[in-house]
Amino acid sequence: MVDLVSNRAERSLPGSVFVTDAGDLRIETSRPFQHRWLVTFAGVETIDDAEALRGRVLRALPLDDPSALWVHELVGSSVVDNADGSRLGTVTAVVANPVSDLLELDGGALVPLRCVVDHGPGRILVDIPPGLLD
């Protein structure tokens, strides 16, 4: 069983590759099971082979998705208000929140990620509701 920590379903598709400290693992089959995934990997033929993988951290290469927002790209970016072009601050962290993750700015303000309308290297454009930062 694999605990998949991703919101991208394609991470669990057959043919996907995970990188481990013991080498790459390519998914042959997968299906959801409760809150985990039942996965078979190419070359993992026996229960002993599978047991040897227990507890390993599986990592995946970044997906090529220009619309995706990645935490490591957001932190340090300048946040600009789409309405008037004013600079609101610099992202110091991304705070997990059930409704919408939040951009934490250097001045302490929190801006919901759902307010992002555009982004590029080092710059995030947001459309925030009136009064949000008051």
# chains A, B, ... in the order shown; residues from 1 in each chain; ligands from 1
>>> select_by_dssp(residues="region 34-129 of chain A", states="helix (DSSP H, G or I)", output="PyMOL selection string")
chain A and resi 47-51+71-74+113-115
>>> residues_around(residues="Leu102 (chain A)", least_positions_apart="4", cutoff="10 Å", atoms="only C-alpha atoms", output="short mmCIF file (atom, residue, chain, number, x, y, z; two decimals) with N, CA, C and O atoms, in the first residue's frame")
data_model
loop_
_atom_site.label_atom_id
_atom_site.label_comp_id
_atom_site.auth_asym_id
_atom_site.auth_seq_id
_atom_site.Cartn_x
_atom_site.Cartn_y
_atom_site.Cartn_z
N VAL A 91 5.76 37.01 -0.31
CA VAL A 91 5.31 35.75 0.28
C VAL A 91 6.44 35.17 1.13
O VAL A 91 7.55 34.98 0.66
N ALA A 93 5.52 32.44 3.32
CA ALA A 93 5.12 31.05 3.53
C ALA A 93 3.79 30.80 2.85
O ALA A 93 3.06 31.74 2.52
N VAL A 94 3.49 29.53 2.65
CA VAL A 94 2.17 29.12 2.18
C VAL A 94 1.57 28.29 3.30
O VAL A 94 2.15 27.29 3.72
N VAL A 95 0.43 28.75 3.82
CA VAL A 95 -0.21 28.13 4.97
C VAL A 95 -1.35 27.22 4.49
O VAL A 95 -2.24 27.68 3.77
N ALA A 96 -1.30 25.95 4.89
CA ALA A 96 -2.36 25.01 4.52
C ALA A 96 -3.66 25.42 5.21
O ALA A 96 -3.67 25.76 6.39
N ASN A 97 -4.75 25.41 4.45
CA ASN A 97 -6.07 25.77 4.96
C ASN A 97 -7.08 24.94 4.18
O ASN A 97 -6.97 24.82 2.97
N PRO A 98 -8.06 24.34 4.86
CA PRO A 98 -9.01 23.45 4.17
C PRO A 98 -9.76 24.10 3.01
O PRO A 98 -10.02 23.45 2.01
N ALA A 109 -0.11 39.74 6.53
CA ALA A 109 -1.39 39.54 5.85
C ALA A 109 -1.47 38.13 5.28
O ALA A 109 -0.45 37.52 4.93
N LEU A 110 -2.69 37.62 5.20
CA LEU A 110 -2.95 36.31 4.60
C LEU A 110 -3.85 36.51 3.39
O LEU A 110 -4.93 37.10 3.49
N VAL A 111 -3.42 36.01 2.25
CA VAL A 111 -4.18 36.14 1.00
C VAL A 111 -4.52 34.74 0.51
O VAL A 111 -3.62 33.92 0.27
N PRO A 112 -5.83 34.44 0.35
CA PRO A 112 -6.20 33.11 -0.16
C PRO A 112 -5.60 32.84 -1.53
O PRO A 112 -5.61 33.72 -2.41
N LEU A 113 -5.10 31.65 -1.72
CA LEU A 113 -4.50 31.26 -2.99
C LEU A 113 -5.51 31.36 -4.12
O LEU A 113 -5.15 31.62 -5.26
N ARG A 114 -6.79 31.21 -3.80
CA ARG A 114 -7.82 31.30 -4.84
C ARG A 114 -7.93 32.70 -5.41
O ARG A 114 -8.58 32.91 -6.42
N CYS A 115 -7.29 33.69 -4.78
CA CYS A 115 -7.31 35.07 -5.29
C CYS A 115 -6.24 35.31 -6.35
O CYS A 115 -6.22 36.37 -6.98
#
>>> residues_around(residues="region 24-33 of chain A", least_positions_apart="6", cutoff="12 Å", atoms="only C-alpha atoms", output="list in words")
Met1, Val2, Asp3, Leu4, Ala9, Glu10, Arg11, Ser12, Leu13, Pro14, Gly15, Ser16, Val17, Phe18, Val39, Thr40, Phe41, Ala42, Gly43, Val44, Glu45, Ala50, Leu53, Arg56, Val57, Leu58, Arg59, Ala60 and Leu61 of chain A
>>> atom_distance(atom1="CA of Val79 (chain A)", atom2="CA of Val126 (chain A)")
7.0 Å
>>> atom_distance(atom1="CA of Thr92 (chain A)", atom2="CA of Val75 (chain A)")
5.4 Å
>>> atom_distance(atom1="CA of Asp84 (chain A)", atom2="CA of Pro66 (chain A)")
25.4 Å
>>> closest_residue(among="A:Val99, A:Ala68, A:Leu74, A:Val80", to="Gly122 (chain A)", atoms="only C-alpha atoms")
A:Leu74
>>> select_by_dssp(residues="region 5-128 of chain A", states="strand (DSSP E)", output="PyMOL selection string")
chain A and resi 17-20+23-33+36-41+78-81+87-95+102-105+110-112+116-120+123-126
>>> closest_residue(among="A:Asp48, A:Gln34, A:Pro62, A:Asp106", to="Val19 (chain A)", atoms="only C-alpha atoms")
A:Pro62
>>> residues_around(residues="Ser67 (chain A)", least_positions_apart="4", cutoff="12 Å", atoms="only C-alpha atoms", output="JSON, numbers by chain")
{"A": [63, 116, 117, 118, 119, 120]}
>>> write_last_selection(atoms="N, CA, C and O atoms", output="tab-separated table (two decimals), in the first residue's frame")
chain	number	residue	atom	x	y	z
A	63	LEU	N	5.83	17.88	-12.36
A	63	LEU	CA	5.01	17.79	-13.56
A	63	LEU	C	5.19	19.06	-14.38
A	63	LEU	O	5.39	20.15	-13.82
A	116	VAL	N	-5.34	34.34	-6.56
A	116	VAL	CA	-4.29	34.49	-7.57
A	116	VAL	C	-4.92	34.44	-8.96
A	116	VAL	O	-5.63	33.50	-9.29
A	117	VAL	N	-4.65	35.48	-9.77
A	117	VAL	CA	-5.18	35.52	-11.13
A	117	VAL	C	-4.09	35.31	-12.18
A	117	VAL	O	-4.38	34.97	-13.32
A	118	ASP	N	-2.84	35.52	-11.79
A	118	ASP	CA	-1.72	35.30	-12.71
A	118	ASP	C	-0.45	35.19	-11.88
A	118	ASP	O	-0.38	35.68	-10.76
A	119	HIS	N	0.53	34.53	-12.45
A	119	HIS	CA	1.81	34.41	-11.76
A	119	HIS	C	2.92	34.20	-12.77
A	119	HIS	O	2.69	33.74	-13.89
A	120	GLY	N	4.08	34.60	-12.38
A	120	GLY	CA	5.28	34.43	-13.19
A	120	GLY	C	6.46	34.42	-12.25
A	120	GLY	O	6.30	34.55	-11.03
>>> closest_residue(among="A:Ala22, A:Leu103, A:Leu125, A:Gly131", to="Val71 (chain A)", atoms="only C-alpha atoms")
A:Leu103
>>> decode(residues="region 16-67 of chain A", atoms="C-alpha atoms", output="PDB file, in the first residue's frame")
ATOM      1  CA  SER A  16       4.356   6.723 -13.572  1.00  0.00           C
ATOM      2  CA  VAL A  17       7.798   6.602 -12.018  1.00  0.00           C
ATOM      3  CA  PHE A  18       8.751   7.220  -8.414  1.00  0.00           C
ATOM      4  CA  VAL A  19      12.324   7.919  -7.379  1.00  0.00           C
ATOM      5  CA  THR A  20      13.684   6.334  -4.186  1.00  0.00           C
ATOM      6  CA  ASP A  21      17.078   6.142  -2.541  1.00  0.00           C
ATOM      7  CA  ALA A  22      17.190   2.537  -3.817  1.00  0.00           C
ATOM      8  CA  GLY A  23      16.376   3.405  -7.453  1.00  0.00           C
ATOM      9  CA  ASP A  24      13.361   4.139  -9.626  1.00  0.00           C
ATOM     10  CA  LEU A  25      10.035   2.309  -9.332  1.00  0.00           C
ATOM     11  CA  ARG A  26       7.592   2.232 -12.269  1.00  0.00           C
ATOM     12  CA  ILE A  27       3.904   1.614 -11.522  1.00  0.00           C
ATOM     13  CA  GLU A  28       2.400  -1.365 -13.351  1.00  0.00           C
ATOM     14  CA  THR A  29      -1.054  -1.289 -11.758  1.00  0.00           C
ATOM     15  CA  SER A  30      -2.778   0.839  -9.147  1.00  0.00           C
ATOM     16  CA  ARG A  31      -6.172   1.293  -7.555  1.00  0.00           C
ATOM     17  CA  PRO A  32      -7.522   3.243  -4.609  1.00  0.00           C
ATOM     18  CA  PHE A  33      -8.108   1.327  -1.397  1.00  0.00           C
ATOM     19  CA  GLN A  34      -9.605   3.174   1.583  1.00  0.00           C
ATOM     20  CA  HIS A  35      -7.313   6.238   1.992  1.00  0.00           C
ATOM     21  CA  ARG A  36      -4.325   4.633   0.290  1.00  0.00           C
ATOM     22  CA  TRP A  37      -3.363   3.035  -3.016  1.00  0.00           C
ATOM     23  CA  LEU A  38      -2.704  -0.598  -3.844  1.00  0.00           C
ATOM     24  CA  VAL A  39       0.201  -0.458  -6.260  1.00  0.00           C
ATOM     25  CA  THR A  40       2.329  -3.003  -8.086  1.00  0.00           C
ATOM     26  CA  PHE A  41       5.739  -1.936  -9.332  1.00  0.00           C
ATOM     27  CA  ALA A  42       7.687  -3.370 -12.254  1.00  0.00           C
ATOM     28  CA  GLY A  43      10.308  -5.814 -11.014  1.00  0.00           C
ATOM     29  CA  VAL A  44       8.720  -6.235  -7.580  1.00  0.00           C
ATOM     30  CA  GLU A  45       7.672  -9.879  -7.934  1.00  0.00           C
ATOM     31  CA  THR A  46       7.523 -11.363  -4.435  1.00  0.00           C
ATOM     32  CA  ILE A  47       6.268 -10.431  -1.008  1.00  0.00           C
ATOM     33  CA  ASP A  48       9.907 -10.230   0.127  1.00  0.00           C
ATOM     34  CA  ASP A  49      10.607  -7.722  -2.683  1.00  0.00           C
ATOM     35  CA  ALA A  50       7.601  -5.664  -1.560  1.00  0.00           C
ATOM     36  CA  GLU A  51       8.561  -5.859   2.119  1.00  0.00           C
ATOM     37  CA  ALA A  52      12.017  -4.510   1.262  1.00  0.00           C
ATOM     38  CA  LEU A  53      10.274  -1.318   0.059  1.00  0.00           C
ATOM     39  CA  ARG A  54       8.324  -0.808   3.298  1.00  0.00           C
ATOM     40  CA  GLY A  55       8.809   2.684   4.729  1.00  0.00           C
ATOM     41  CA  ARG A  56      10.604   4.061   1.668  1.00  0.00           C
ATOM     42  CA  VAL A  57       9.869   7.617   0.638  1.00  0.00           C
ATOM     43  CA  LEU A  58       8.664   7.778  -2.952  1.00  0.00           C
ATOM     44  CA  ARG A  59       9.344  11.014  -4.794  1.00  0.00           C
ATOM     45  CA  ALA A  60       8.178  12.087  -8.230  1.00  0.00           C
ATOM     46  CA  LEU A  61       9.723  14.501 -10.674  1.00  0.00           C
ATOM     47  CA  PRO A  62       7.890  17.817 -11.093  1.00  0.00           C
ATOM     48  CA  LEU A  63       5.008  17.795 -13.557  1.00  0.00           C
ATOM     49  CA  ASP A  64       5.219  20.091 -16.551  1.00  0.00           C
ATOM     50  CA  ASP A  65       2.128  22.190 -15.842  1.00  0.00           C
ATOM     51  CA  PRO A  66       2.507  25.939 -16.440  1.00  0.00           C
ATOM     52  CA  SER A  67      -0.740  26.659 -14.581  1.00  0.00           C
TER      53      SER A  67
END
